[in-house]
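Enquirer: One file is attached below, query.txt, containing compact mmCIF, C-alpha atoms and all ligand atoms.
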# COMPACT_ATOMS: atom_id res chain seq x y z
CA MET X 1 0.37 19.22 37.17
CA SER X 2 2.80 21.38 39.07
CA ARG X 3 4.08 20.64 42.56
CA ASN X 4 6.80 22.02 44.72
CA SER X 5 9.66 19.79 43.61
CA GLU X 6 11.15 19.84 47.12
CA THR X 7 8.07 18.07 48.53
CA PRO X 8 8.43 14.28 48.38
CA ILE X 9 5.66 12.57 46.49
CA THR X 10 3.79 9.56 47.83
CA ALA X 11 3.82 6.52 45.57
CA ALA X 12 1.36 3.65 46.03
CA ILE X 13 2.70 0.26 44.98
CA ILE X 14 -0.13 -2.20 44.41
CA GLY X 15 1.26 -5.74 44.64
CA ALA X 16 4.59 -6.15 46.44
CA GLY X 17 5.92 -9.27 44.71
CA VAL X 18 9.13 -9.51 42.71
CA VAL X 19 8.48 -6.57 40.38
CA GLY X 20 6.62 -4.55 43.03
CA GLY X 21 9.82 -4.94 45.08
CA TYR X 22 11.82 -3.22 42.31
CA HIS X 23 9.26 -0.38 42.20
CA ILE X 24 9.43 0.04 45.98
CA LYS X 25 13.25 0.11 45.90
CA ALA X 26 13.16 2.69 43.09
CA GLN X 27 10.77 4.94 45.02
CA ALA X 28 12.83 4.57 48.19
CA GLU X 29 15.92 5.69 46.24
CA LEU X 30 13.96 8.63 44.82
CA GLY X 31 13.10 9.71 48.37
CA SER X 32 9.34 9.21 47.96
CA ASN X 33 6.94 8.29 50.69
CA ILE X 34 5.63 4.81 49.92
CA VAL X 35 2.32 3.14 50.62
CA ILE X 36 1.74 -0.46 49.60
CA PHE X 37 -1.25 -2.73 49.22
CA GLU X 38 -0.30 -6.41 49.21
CA PRO X 39 -2.84 -9.14 50.11
CA ASP X 40 -0.12 -11.52 51.33
CA SER X 41 0.49 -10.23 54.85
CA ARG X 42 3.87 -11.96 55.17
CA ARG X 43 5.07 -10.06 52.10
CA SER X 44 3.72 -6.72 53.24
CA GLN X 45 5.30 -7.22 56.67
CA ALA X 46 8.65 -8.09 55.09
CA VAL X 47 8.52 -4.86 53.04
CA ALA X 48 7.52 -2.81 56.10
CA ASP X 49 10.47 -4.32 58.03
CA GLN X 50 12.92 -3.74 55.19
CA TYR X 51 11.92 -0.09 54.67
CA SER X 52 11.18 0.71 58.27
CA GLY X 53 9.62 4.18 58.59
CA GLN X 54 9.42 4.77 54.82
CA VAL X 55 6.57 2.38 53.95
CA VAL X 56 2.95 2.48 55.08
CA VAL X 57 0.91 -0.69 54.64
CA ALA X 58 -2.68 0.02 53.53
CA ARG X 59 -5.59 -2.33 54.24
CA THR X 60 -7.28 -1.91 50.85
CA ILE X 61 -6.34 -0.84 47.34
CA GLU X 62 -8.57 2.25 47.69
CA GLU X 63 -6.89 3.25 50.96
CA ALA X 64 -3.45 2.97 49.35
CA ILE X 65 -4.52 5.01 46.31
CA GLU X 66 -6.20 7.69 48.44
CA GLN X 67 -2.86 8.52 50.09
CA ALA X 68 -0.87 8.57 46.85
CA ASP X 69 0.24 11.11 44.25
CA THR X 70 1.09 8.29 41.84
CA VAL X 71 0.10 4.63 41.63
CA HIS X 72 2.12 1.66 40.35
CA ILE X 73 0.14 -1.45 39.43
CA CYS X 74 2.44 -4.44 40.01
CA THR X 75 -0.12 -7.19 40.52
CA PRO X 76 -0.51 -10.25 38.25
CA PRO X 77 -1.81 -9.20 34.79
CA MET X 78 -5.34 -10.49 35.44
CA CYS X 79 -5.62 -8.07 38.41
CA HIS X 80 -4.28 -4.98 36.58
CA VAL X 81 -7.71 -3.79 35.48
CA GLU X 82 -9.02 -3.73 39.05
CA GLY X 83 -6.13 -1.63 40.36
CA ALA X 84 -5.89 0.62 37.30
CA LEU X 85 -9.62 1.48 37.32
CA ALA X 86 -9.52 2.21 41.05
CA SER X 87 -6.55 4.51 40.51
CA ILE X 88 -8.09 6.29 37.52
CA GLU X 89 -11.31 6.76 39.49
CA GLN X 90 -9.29 8.66 42.08
CA GLU X 91 -7.57 10.58 39.22
CA LYS X 92 -4.07 9.42 40.13
CA PRO X 93 -1.31 9.22 37.48
CA THR X 94 -0.71 5.50 37.06
CA ILE X 95 2.00 3.16 35.82
CA ILE X 96 0.75 -0.29 34.81
CA GLU X 97 3.38 -3.02 34.68
CA LYS X 98 3.65 -4.92 31.46
CA PRO X 99 1.55 -6.44 29.95
CA ILE X 100 -1.01 -3.72 30.72
CA THR X 101 -3.66 -6.47 30.82
CA HIS X 102 -3.96 -10.12 29.80
CA ASN X 103 -6.63 -9.44 27.17
CA LEU X 104 -7.77 -6.68 24.83
CA ASP X 105 -11.19 -6.10 26.46
CA GLU X 106 -9.63 -5.07 29.78
CA ALA X 107 -7.04 -2.87 28.04
CA ILE X 108 -9.89 -1.05 26.28
CA GLU X 109 -11.72 -0.63 29.59
CA ILE X 110 -8.66 1.07 31.08
CA TYR X 111 -8.14 3.20 27.96
CA LYS X 112 -11.74 4.41 28.01
CA ALA X 113 -11.66 5.23 31.72
CA ALA X 114 -8.30 7.04 31.50
CA THR X 115 -9.34 9.03 28.44
CA LYS X 116 -12.68 10.02 29.92
CA ALA X 117 -11.15 11.12 33.22
CA ASP X 118 -8.05 12.60 31.50
CA VAL X 119 -5.73 10.67 33.81
CA PRO X 120 -2.17 9.96 32.59
CA VAL X 121 -1.41 6.25 32.38
CA MET X 122 1.98 4.83 31.41
CA GLY X 123 2.45 1.29 30.07
CA GLY X 124 5.37 -0.37 31.87
CA MET X 125 7.41 -1.31 28.77
CA HIS X 126 10.66 -0.19 30.35
CA PHE X 127 12.99 -2.17 28.05
CA ARG X 128 12.64 0.96 25.87
CA LEU X 129 14.81 2.76 28.43
CA THR X 130 17.79 0.47 27.81
CA PRO X 131 20.51 3.03 26.89
CA ALA X 132 21.57 1.16 23.72
CA PHE X 133 17.96 0.99 22.50
CA LEU X 134 17.48 4.70 23.22
CA LYS X 135 20.58 5.47 21.13
CA MET X 136 19.16 3.31 18.33
CA SER X 137 15.86 5.17 18.50
CA GLU X 138 17.60 8.57 18.33
CA GLY X 139 19.80 7.40 15.43
CA LEU X 140 16.76 6.11 13.54
CA GLN X 141 15.00 9.45 13.93
CA GLU X 142 18.08 11.14 12.44
CA GLU X 143 18.18 8.52 9.65
CA GLU X 144 21.74 7.66 10.68
CA ILE X 145 21.46 4.25 8.98
CA GLY X 146 19.26 5.53 6.17
CA THR X 147 15.83 4.11 5.46
CA VAL X 148 14.90 1.19 7.69
CA THR X 149 14.65 -2.04 5.73
CA SER X 150 14.01 -4.55 8.51
CA ILE X 151 13.71 -4.79 12.29
CA GLU X 152 14.40 -7.97 14.25
CA SER X 153 13.69 -8.19 17.96
CA ASN X 154 13.62 -11.12 20.32
CA TYR X 155 12.93 -12.03 23.92
CA VAL X 156 14.53 -15.20 25.16
CA HIS X 157 14.15 -16.61 28.66
CA ASP X 158 14.40 -19.86 30.58
CA MET X 159 11.01 -19.87 32.29
CA ARG X 160 11.99 -22.87 34.47
CA ARG X 161 14.05 -20.41 36.49
CA LEU X 162 11.02 -18.33 37.50
CA LYS X 163 9.73 -19.57 40.83
CA ALA X 164 7.50 -16.61 41.80
CA GLY X 165 4.08 -16.15 40.21
CA VAL X 166 3.86 -19.73 38.88
CA GLU X 167 0.17 -19.91 39.75
CA TRP X 168 -0.91 -16.75 37.93
CA ARG X 169 1.35 -17.53 34.99
CA GLN X 170 -0.64 -20.77 34.52
CA ARG X 171 -3.81 -18.71 34.26
CA LEU X 172 -2.39 -16.83 31.26
CA GLY X 173 -3.01 -20.04 29.26
CA GLN X 174 -1.28 -21.71 26.34
CA CYS X 175 -0.30 -18.45 24.64
CA GLY X 176 0.73 -16.84 27.93
CA PHE X 177 4.32 -16.28 26.86
CA ILE X 178 3.10 -13.70 24.34
CA TYR X 179 2.01 -11.57 27.29
CA GLU X 180 4.74 -12.27 29.82
CA GLY X 181 7.74 -12.49 27.49
CA ALA X 182 7.25 -11.77 23.80
CA ALA X 183 5.39 -8.54 24.69
CA HIS X 184 8.78 -6.89 25.33
CA ALA X 185 10.09 -7.78 21.86
CA ILE X 186 6.79 -6.87 20.15
CA ASP X 187 6.75 -3.48 21.88
CA LEU X 188 10.40 -2.75 20.97
CA ASN X 189 9.77 -3.64 17.34
CA ILE X 190 6.70 -1.37 17.08
CA TRP X 191 8.34 1.49 18.99
CA LEU X 192 11.47 1.49 16.80
CA ALA X 193 9.43 1.18 13.59
CA GLY X 194 7.52 4.29 14.67
CA GLN X 195 4.51 3.56 12.47
CA PRO X 196 1.27 1.53 12.57
CA VAL X 197 1.25 -2.23 12.03
CA ASP X 198 -1.01 -3.17 9.10
CA GLU X 199 -1.04 -6.96 9.34
CA VAL X 200 0.58 -9.86 11.18
CA GLN X 201 1.36 -13.54 10.87
CA ALA X 202 2.19 -15.90 13.73
CA THR X 203 3.60 -19.37 14.18
CA ILE X 204 3.70 -20.97 17.60
CA GLY X 205 5.77 -24.15 17.62
CA SER X 206 4.36 -27.28 19.25
CA LYS X 207 7.70 -28.87 20.14
CA LYS X 208 8.31 -29.12 23.91
CA VAL X 209 11.82 -29.27 25.27
CA CYS X 210 11.01 -27.97 28.72
CA PRO X 211 8.16 -29.96 30.37
CA GLU X 212 8.43 -27.84 33.56
CA TYR X 213 7.08 -24.92 31.52
CA GLY X 214 3.58 -26.07 30.62
CA TRP X 215 2.92 -23.83 27.63
CA SER X 216 4.07 -23.01 24.15
CA GLU X 217 7.77 -22.23 24.08
CA ASP X 218 8.71 -21.00 20.63
CA LEU X 219 6.86 -18.04 19.09
CA ASN X 220 7.58 -16.49 15.73
CA PHE X 221 5.81 -13.36 14.53
CA THR X 222 5.86 -11.19 11.43
CA LEU X 223 4.62 -7.60 11.64
CA VAL X 224 4.02 -5.74 8.39
CA TYR X 225 4.12 -1.99 8.87
CA GLU X 226 2.18 0.67 7.00
CA ASP X 227 5.05 1.51 4.58
CA GLY X 228 5.72 -2.18 3.88
CA THR X 229 8.67 -2.60 6.27
CA VAL X 230 8.67 -6.08 7.81
CA GLY X 231 9.36 -6.56 11.51
CA ARG X 232 10.41 -9.99 12.78
CA VAL X 233 9.80 -10.96 16.39
CA TRP X 234 11.01 -14.23 17.87
CA SER X 235 10.53 -15.31 21.46
CA ASN X 236 11.53 -18.46 23.29
CA ALA X 237 10.62 -19.55 26.81
CA ALA X 238 12.98 -22.50 27.18
CA ALA X 239 16.50 -21.28 26.48
CA PRO X 240 19.06 -21.79 29.27
CA LEU X 241 21.24 -18.75 28.55
CA PRO X 242 23.41 -16.81 31.00
CA GLN X 243 21.20 -13.71 30.56
CA HIS X 244 17.54 -13.51 29.59
CA GLY X 245 16.35 -10.48 27.68
CA SER X 246 15.92 -8.83 24.32
CA ARG X 247 18.20 -8.42 21.35
CA VAL X 248 17.33 -5.90 18.65
CA THR X 249 18.90 -5.62 15.21
CA VAL X 250 17.79 -2.90 12.81
CA TYR X 251 18.90 -2.92 9.19
CA GLY X 252 18.85 0.26 7.12
CA SER X 253 19.83 1.32 3.61
CA ASN X 254 23.12 2.82 4.95
CA GLY X 255 23.97 0.51 7.86
CA ALA X 256 22.67 -1.40 10.84
CA TYR X 257 22.36 -1.40 14.65
CA ASP X 258 22.62 -4.35 16.97
CA ALA X 259 22.25 -4.45 20.77
CA HIS X 260 21.00 -6.61 23.65
CA ASN X 261 19.53 -5.10 26.80
CA LYS X 262 21.88 -7.17 29.01
CA TYR X 263 25.13 -6.50 27.15
CA PRO X 264 26.95 -3.19 27.70
CA PHE X 265 27.42 -2.02 24.14
CA LEU X 266 25.74 -0.90 20.94
CA ARG X 267 27.16 -2.14 17.66
CA THR X 268 26.74 0.05 14.59
CA TYR X 269 27.67 -0.76 11.03
CA ARG X 270 27.98 2.02 8.47
CA ASP X 271 27.92 1.13 4.80
CA GLY X 272 31.51 1.12 3.48
CA ASP X 273 33.16 0.38 6.86
CA SER X 274 35.18 -2.83 7.04
CA ASP X 275 33.53 -3.90 10.30
CA TRP X 276 31.00 -3.03 13.01
CA SER X 277 31.99 -0.33 15.47
CA THR X 278 31.23 -0.89 19.14
CA GLU X 279 30.42 1.83 21.65
CA PRO X 280 29.81 1.30 25.36
CA ALA X 281 26.25 1.50 26.67
CA GLU X 282 25.16 1.08 30.27
CA VAL X 283 23.13 -1.94 31.34
CA GLY X 284 21.00 -2.35 34.41
CA GLN X 285 17.49 -2.64 35.76
CA THR X 286 15.28 -0.29 33.74
CA ILE X 287 12.43 -0.17 36.28
CA ARG X 288 14.46 2.45 38.21
CA PRO X 289 14.73 4.88 35.24
CA MET X 290 11.06 4.28 34.41
CA ALA X 291 10.08 5.20 37.98
CA ALA X 292 12.37 8.26 37.86
CA LEU X 293 10.83 9.44 34.58
CA PHE X 294 7.29 9.17 35.91
CA HIS X 295 8.38 10.76 39.18
CA GLU X 296 9.66 13.83 37.28
CA TYR X 297 6.45 13.94 35.28
CA VAL X 298 4.25 13.77 38.37
CA LYS X 299 6.32 16.52 40.02
CA GLY X 300 5.73 18.75 37.00
CA GLU X 301 9.41 18.71 36.02
CA ARG X 302 8.59 17.45 32.52
CA ASP X 303 5.53 17.69 30.28
CA ASP X 304 5.39 14.09 29.11
CA PHE X 305 6.96 10.71 29.81
CA GLY X 306 8.17 9.80 26.33
CA PRO X 307 9.66 7.46 25.17
CA MET X 308 7.49 5.37 27.49
CA PRO X 309 4.05 4.60 26.04
CA ASN X 310 0.92 6.37 27.19
CA ILE X 311 -2.32 4.39 27.40
CA GLU X 312 -3.18 4.94 23.73
CA GLU X 313 0.18 3.63 22.54
CA ALA X 314 0.01 0.76 25.03
CA LEU X 315 -3.48 -0.15 23.79
CA LYS X 316 -2.27 -0.17 20.17
CA VAL X 317 0.38 -2.73 21.17
CA MET X 318 -2.36 -4.80 22.84
CA ILE X 319 -4.40 -4.66 19.60
CA VAL X 320 -1.40 -6.16 17.77
CA ILE X 321 -0.93 -8.81 20.47
CA GLY X 322 -4.61 -9.76 20.18
CA ALA X 323 -4.22 -10.11 16.40
CA LEU X 324 -1.10 -12.25 16.86
CA GLU X 325 -3.05 -14.64 19.08
CA ARG X 326 -5.76 -14.87 16.41
CA ALA X 327 -3.16 -15.37 13.67
CA ALA X 328 -1.47 -18.17 15.63
CA LYS X 329 -4.82 -19.96 15.93
CA SER X 330 -6.08 -19.33 12.39
CA GLY X 331 -2.78 -19.76 10.56
CA ARG X 332 -3.85 -16.81 8.43
CA VAL X 333 -2.65 -13.26 7.93
CA GLU X 334 -4.61 -11.01 10.31
CA ARG X 335 -5.25 -7.38 9.48
CA ILE X 336 -4.77 -4.96 12.38
CA PRO X 337 -7.89 -2.92 13.06
CA THR X 338 -7.37 0.78 13.74
CA LEU X 339 -7.94 2.16 17.21
CA ALA X 340 -11.26 3.67 16.06
CA GLU X 341 -12.39 0.32 14.59
CA THR X 342 -11.35 -1.49 17.76
CA LEU X 343 -13.24 0.93 19.99
CA ALA X 344 -16.32 0.80 17.75
CA ALA X 345 -16.34 -3.01 17.97
CA HIS X 346 -16.24 -3.00 21.79
N1 LIG X 401 8.55 -5.31 33.31
C1 LIG X 401 9.16 -6.49 33.46
O1 LIG X 401 10.26 -6.73 32.99
C2 LIG X 401 8.43 -7.53 34.25
C3 LIG X 401 9.10 -8.67 34.64
C4 LIG X 401 8.39 -9.61 35.35
C5 LIG X 401 7.05 -9.38 35.62
N2 LIG X 401 6.45 -8.25 35.19
C6 LIG X 401 5.04 -7.99 35.45
O2 LIG X 401 4.87 -7.44 36.76
C7 LIG X 401 3.66 -7.91 37.34
C8 LIG X 401 3.97 -8.62 38.65
O3 LIG X 401 4.82 -9.72 38.38
P1 LIG X 401 5.70 -10.37 39.54
O4 LIG X 401 6.72 -11.19 38.83
O5 LIG X 401 6.11 -9.33 40.51
O6 LIG X 401 4.62 -11.33 40.22
P2 LIG X 401 4.57 -11.79 41.75
O7 LIG X 401 3.66 -12.97 41.78
O8 LIG X 401 5.95 -11.93 42.30
O9 LIG X 401 3.89 -10.56 42.49
C9 LIG X 401 2.55 -10.20 42.38
C10 LIG X 401 2.08 -9.69 43.73
O10 LIG X 401 0.78 -9.16 43.61
C11 LIG X 401 0.01 -9.60 44.74
N3 LIG X 401 -1.39 -9.58 44.38
C12 LIG X 401 -2.13 -10.55 43.80
N4 LIG X 401 -3.39 -10.11 43.60
C13 LIG X 401 -3.45 -8.84 44.05
C14 LIG X 401 -4.46 -7.86 44.10
N5 LIG X 401 -5.67 -8.08 43.63
N6 LIG X 401 -4.14 -6.67 44.64
C15 LIG X 401 -2.89 -6.41 45.12
N7 LIG X 401 -1.90 -7.31 45.08
C16 LIG X 401 -2.17 -8.51 44.54
C17 LIG X 401 0.54 -10.99 45.05
O11 LIG X 401 0.26 -11.37 46.39
C18 LIG X 401 2.02 -10.80 44.78
O12 LIG X 401 2.74 -10.40 45.94
C19 LIG X 401 3.02 -8.80 36.27
O13 LIG X 401 2.15 -8.04 35.50
C20 LIG X 401 4.21 -9.23 35.42
O14 LIG X 401 3.86 -9.58 34.10
C21 LIG X 401 7.11 -7.31 34.54
Could I get this structure in the form of structure tokens?
Ligand SMILES: NC(=O)c1ccc[n+]([C@@H]2O[C@H](COP(=O)([O-])OP(=O)(O)OC[C@H]3O[C@@H](n4cnc5c(N)ncnc54)[C@H](O)[C@@H]3O)[C@@H](O)[C@H]2O)c1
Expert:
Amino acid sequence: MSRNSETPITAAIIGAGVVGGYHIKAQAELGSNIVIFEPDSRRSQAVADQYSGQVVVARTIEEAIEQADTVHICTPPMCHVEGALASIEQEKPTIIEKPITHNLDEAIEIYKAATKADVPVMGGMHFRLTPAFLKMSEGLQEEEIGTVTSIESNYVHDMRRLKAGVEWRQRLGQCGFIYEGAAHAIDLNIWLAGQPVDEVQATIGSKKVCPEYGWSEDLNFTLVYEDGTVGRVWSNAAAPLPQHGSRVTVYGSNGAYDAHNKYPFLRTYRDGDSDWSTEPAEVGQTIRPMAALFHEYVKGERDDFGPMPNIEEALKVMIVIGALERAAKSGRVERIPTLAETLAAH
């Protein structure tokens, strides 16, 4: 895919809510032409007013996609499949906000369509682009802390604070926080482990401390990787903290890493040192770097969009999430089917 890199690309943003707004801002800063499809006319008008001259408002999803070089699906998770399939049908490189879908069946549908049409699709797990997490990932590849012994990741939020999208969040159901919150921590754990998950266990607490959030609040997961490494994922939806987000701690045979995506440093411990060392790391909204990465890819300035997940990697995370839901219900250890087994069963 090679384009004249001086020519601005046109990005279609499907769904101009809170997160769509971040995607629009990112594309405006990148100098792209922007077309949006947003069924709420007050919202689309507000965007058109804010970005006067830079945003075209389309009447249908198809019309928006037709005009675009790249498509960003920023609708509620239960609408992702509709937008993603429409975009793939028109062979447009597509970013799908996290979670790529709200169930495995729809994720497989998107995977099959994208693979058949050979259309690049990126899963919107942009916490990976947190500078401290990227440094961790690089250090792990160089075995800077030796052999990994354990990975802990969390995602902690106070869901009472979220006023937008309350209606669609209800439709995610009792285990909805797996998809809208814990998914970040699950993805980070799997990405940093860099190997397949073999089996999982899940405990979802029944205690309610936050009646305004109608669903399960405390989620605890164990991921057992192929080489026997254990990943621990904890997520809570009812924690009134100054900053919501993800903390990751990786323990290795020669040291450890510790960072949070909202705190501007990475802590590293090296075996034999008397204390952790702290190095500065930038913090900030990671939707902007995700958009920039895909932008470069679409312009032909890079061959891939690693470390962001392609549709196969994103589907593998969805397979794990599906197994975690089953494990929470059954109380048993659930084996993770391979991609081939999953596709054969659907
Ligand atoms: N990556 C992150 O950190 C992060 C954070 C929050 C939300 N999200 C995800 O981003 C997506 C959007 O979340 P949000 O918080 O912006 O929600 P939101 O409710 O603020 O926005 C969704 C928008 O989509 C529009 N919409 C609904 N159905 C549509 C359809 N069929 N076609 C086009 N537009 C439609 C709605 O009118 C609304 O404006 C969700 O998948 C959510 O899980 C990601």
Enquirer: Once you add 8 Å to each side, what are the centre and edge lengths of the axis-aligned box holding all listed atoms of segment 34-52 of chain X? One decimal in Å, as lines of an AutoDock Vina configuration file, if you can.
Expert:
center_x = 5.0
center_y = -3.6
center_z = 53.7
size_x = 31.8
size_y = 32.8
size_z = 25.1
Enquirer: What does the list of residues within 9 Å of ligand LIG 401 (chain X) look like if you count all atoms listed in the file, written as a PyMOL selection string?
Expert: chain X and resi 13-22+36-41+43-44+60-61+73-80+82-83+96-102+124-127+162-169+179-181+184+245+285-287
Enquirer: How about saving the chosen residues, C-alpha atoms kept, as a PDB file, keeping the file's coordinate frame?
Expert:
ATOM      1  CA  ILE X  13       2.700   0.260  44.980  1.00  0.00           C
ATOM      2  CA  ILE X  14      -0.130  -2.200  44.410  1.00  0.00           C
ATOM      3  CA  GLY X  15       1.260  -5.740  44.640  1.00  0.00           C
ATOM      4  CA  ALA X  16       4.590  -6.150  46.440  1.00  0.00           C
ATOM      5  CA  GLY X  17       5.920  -9.270  44.710  1.00  0.00           C
ATOM      6  CA  VAL X  18       9.130  -9.510  42.710  1.00  0.00           C
ATOM      7  CA  VAL X  19       8.480  -6.570  40.380  1.00  0.00           C
ATOM      8  CA  GLY X  20       6.620  -4.550  43.030  1.00  0.00           C
ATOM      9  CA  GLY X  21       9.820  -4.940  45.080  1.00  0.00           C
ATOM     10  CA  TYR X  22      11.820  -3.220  42.310  1.00  0.00           C
ATOM     11  CA  ILE X  36       1.740  -0.460  49.600  1.00  0.00           C
ATOM     12  CA  PHE X  37      -1.250  -2.730  49.220  1.00  0.00           C
ATOM     13  CA  GLU X  38      -0.300  -6.410  49.210  1.00  0.00           C
ATOM     14  CA  PRO X  39      -2.840  -9.140  50.110  1.00  0.00           C
ATOM     15  CA  ASP X  40      -0.120 -11.520  51.330  1.00  0.00           C
ATOM     16  CA  SER X  41       0.490 -10.230  54.850  1.00  0.00           C
ATOM     17  CA  ARG X  43       5.070 -10.060  52.100  1.00  0.00           C
ATOM     18  CA  SER X  44       3.720  -6.720  53.240  1.00  0.00           C
ATOM     19  CA  THR X  60      -7.280  -1.910  50.850  1.00  0.00           C
ATOM     20  CA  ILE X  61      -6.340  -0.840  47.340  1.00  0.00           C
ATOM     21  CA  ILE X  73       0.140  -1.450  39.430  1.00  0.00           C
ATOM     22  CA  CYS X  74       2.440  -4.440  40.010  1.00  0.00           C
ATOM     23  CA  THR X  75      -0.120  -7.190  40.520  1.00  0.00           C
ATOM     24  CA  PRO X  76      -0.510 -10.250  38.250  1.00  0.00           C
ATOM     25  CA  PRO X  77      -1.810  -9.200  34.790  1.00  0.00           C
ATOM     26  CA  MET X  78      -5.340 -10.490  35.440  1.00  0.00           C
ATOM     27  CA  CYS X  79      -5.620  -8.070  38.410  1.00  0.00           C
ATOM     28  CA  HIS X  80      -4.280  -4.980  36.580  1.00  0.00           C
ATOM     29  CA  GLU X  82      -9.020  -3.730  39.050  1.00  0.00           C
ATOM     30  CA  GLY X  83      -6.130  -1.630  40.360  1.00  0.00           C
ATOM     31  CA  ILE X  96       0.750  -0.290  34.810  1.00  0.00           C
ATOM     32  CA  GLU X  97       3.380  -3.020  34.680  1.00  0.00           C
ATOM     33  CA  LYS X  98       3.650  -4.920  31.460  1.00  0.00           C
ATOM     34  CA  PRO X  99       1.550  -6.440  29.950  1.00  0.00           C
ATOM     35  CA  ILE X 100      -1.010  -3.720  30.720  1.00  0.00           C
ATOM     36  CA  THR X 101      -3.660  -6.470  30.820  1.00  0.00           C
ATOM     37  CA  HIS X 102      -3.960 -10.120  29.800  1.00  0.00           C
ATOM     38  CA  GLY X 124       5.370  -0.370  31.870  1.00  0.00           C
ATOM     39  CA  MET X 125       7.410  -1.310  28.770  1.00  0.00           C
ATOM     40  CA  HIS X 126      10.660  -0.190  30.350  1.00  0.00           C
ATOM     41  CA  PHE X 127      12.990  -2.170  28.050  1.00  0.00           C
ATOM     42  CA  LEU X 162      11.020 -18.330  37.500  1.00  0.00           C
ATOM     43  CA  LYS X 163       9.730 -19.570  40.830  1.00  0.00           C
ATOM     44  CA  ALA X 164       7.500 -16.610  41.800  1.00  0.00           C
ATOM     45  CA  GLY X 165       4.080 -16.150  40.210  1.00  0.00           C
ATOM     46  CA  VAL X 166       3.860 -19.730  38.880  1.00  0.00           C
ATOM     47  CA  GLU X 167       0.170 -19.910  39.750  1.00  0.00           C
ATOM     48  CA  TRP X 168      -0.910 -16.750  37.930  1.00  0.00           C
ATOM     49  CA  ARG X 169       1.350 -17.530  34.990  1.00  0.00           C
ATOM     50  CA  TYR X 179       2.010 -11.570  27.290  1.00  0.00           C
ATOM     51  CA  GLU X 180       4.740 -12.270  29.820  1.00  0.00           C
ATOM     52  CA  GLY X 181       7.740 -12.490  27.490  1.00  0.00           C
ATOM     53  CA  HIS X 184       8.780  -6.890  25.330  1.00  0.00           C
ATOM     54  CA  GLY X 245      16.350 -10.480  27.680  1.00  0.00           C
ATOM     55  CA  GLN X 285      17.490  -2.640  35.760  1.00  0.00           C
ATOM     56  CA  THR X 286      15.280  -0.290  33.740  1.00  0.00           C
ATOM     57  CA  ILE X 287      12.430  -0.170  36.280  1.00  0.00           C
TER      58      ILE X 287
END
Enquirer: For the point (9.8, 0.6, 8.3) in the file's frame, write as a PDB file with C-alpha atoms, keeping the file's coordinate frame all residues with an atom no more than 9 Å away, counting only C-alpha atoms.
Expert:
ATOM      1  CA  THR X 147      15.830   4.110   5.460  1.00  0.00           C
ATOM      2  CA  VAL X 148      14.900   1.190   7.690  1.00  0.00           C
ATOM      3  CA  THR X 149      14.650  -2.040   5.730  1.00  0.00           C
ATOM      4  CA  SER X 150      14.010  -4.550   8.510  1.00  0.00           C
ATOM      5  CA  ILE X 151      13.710  -4.790  12.290  1.00  0.00           C
ATOM      6  CA  LEU X 192      11.470   1.490  16.800  1.00  0.00           C
ATOM      7  CA  ALA X 193       9.430   1.180  13.590  1.00  0.00           C
ATOM      8  CA  GLY X 194       7.520   4.290  14.670  1.00  0.00           C
ATOM      9  CA  GLN X 195       4.510   3.560  12.470  1.00  0.00           C
ATOM     10  CA  VAL X 224       4.020  -5.740   8.390  1.00  0.00           C
ATOM     11  CA  TYR X 225       4.120  -1.990   8.870  1.00  0.00           C
ATOM     12  CA  GLU X 226       2.180   0.670   7.000  1.00  0.00           C
ATOM     13  CA  ASP X 227       5.050   1.510   4.580  1.00  0.00           C
ATOM     14  CA  GLY X 228       5.720  -2.180   3.880  1.00  0.00           C
ATOM     15  CA  THR X 229       8.670  -2.600   6.270  1.00  0.00           C
ATOM     16  CA  VAL X 230       8.670  -6.080   7.810  1.00  0.00           C
ATOM     17  CA  GLY X 231       9.360  -6.560  11.510  1.00  0.00           C
TER      18      GLY X 231
END
Enquirer: Which of these, X:Val57, X:Val298, X:Ala327, X:Ser206, has the shortest distance to Lys92 of chain X once you count only C-alpha atoms?
Expert: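 Checking each of X:Val57, X:Val298, X:Ala327, X:Ser206 against Lys92 of chain X, counting only C-alpha atoms, the winner is X:Val298.
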Enquirer: As an exercise, work out the distance from atom CA of Val248 of chain X to atom CA of Glu152 of chain X in Å and give it to one decimal place.
Expert: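 It comes out at 5.7 Å.
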Enquirer: Looking at all atoms listed in the file, which of X:Ala238, X:Ile95, X:Val55, X:Cys210 is the one that sits closest to Ala314 of chain X?
Expert: X:Ile95
Enquirer: Any idea what the distance is between atom CA of Met290 of chain X and atom CA of Tyr257 of chain X?
Expert: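 Between atom CA of Met290 of chain X and atom CA of Tyr257 of chain X the gap is 23.5 Å.
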Enquirer: Quick one: distance from atom CA of Trp276 of chain X to atom CA of Gln243 of chain X in Å, one decimal?
Expert: 22.8 Å
Enquirer: Between X:Leu293, X:Ile319, X:Ala114, X:Val119, which residue has the minimum interatomic distance to Ala340 of chain X, considering only C-alpha atoms?
Expert: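 Among the listed residues, X:Ile319 lies closest to Ala340 of chain X.
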Enquirer: May I ask which of the residues X:Ala86, X:Trp191, X:Phe265, X:Ser235 is the closest one to Glu138 of chain X, counting only C-alpha atoms?
Expert: X:Trp191
Enquirer: Would you mind listing what lies within 10 Å of Ile178 of chain X as a list in words, with only C-alpha atoms counted and same-chain residues fewer than 6 positions away left out?
Expert: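 Listing them by chain and then by number gives Pro99, His102, Tyr155, Leu172, His184, Ala185, Ile186, Ile204, Ser216, Glu217, Asp218, Leu219, Ser235, Asn236, Ala237, Ile321, Gly322, Leu324 and Glu325 of chain X.
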Enquirer: Considering only C-alpha atoms, return as a list in words whatever protein or nucleic-acid residues lie within 6 Å of segment 306-310 of chain X, sequence-local ones (same chain, fewer than 6 positions apart) excluded.
Expert: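 My reading of the contact set: Val121, Met122 and Gly123 of chain X.
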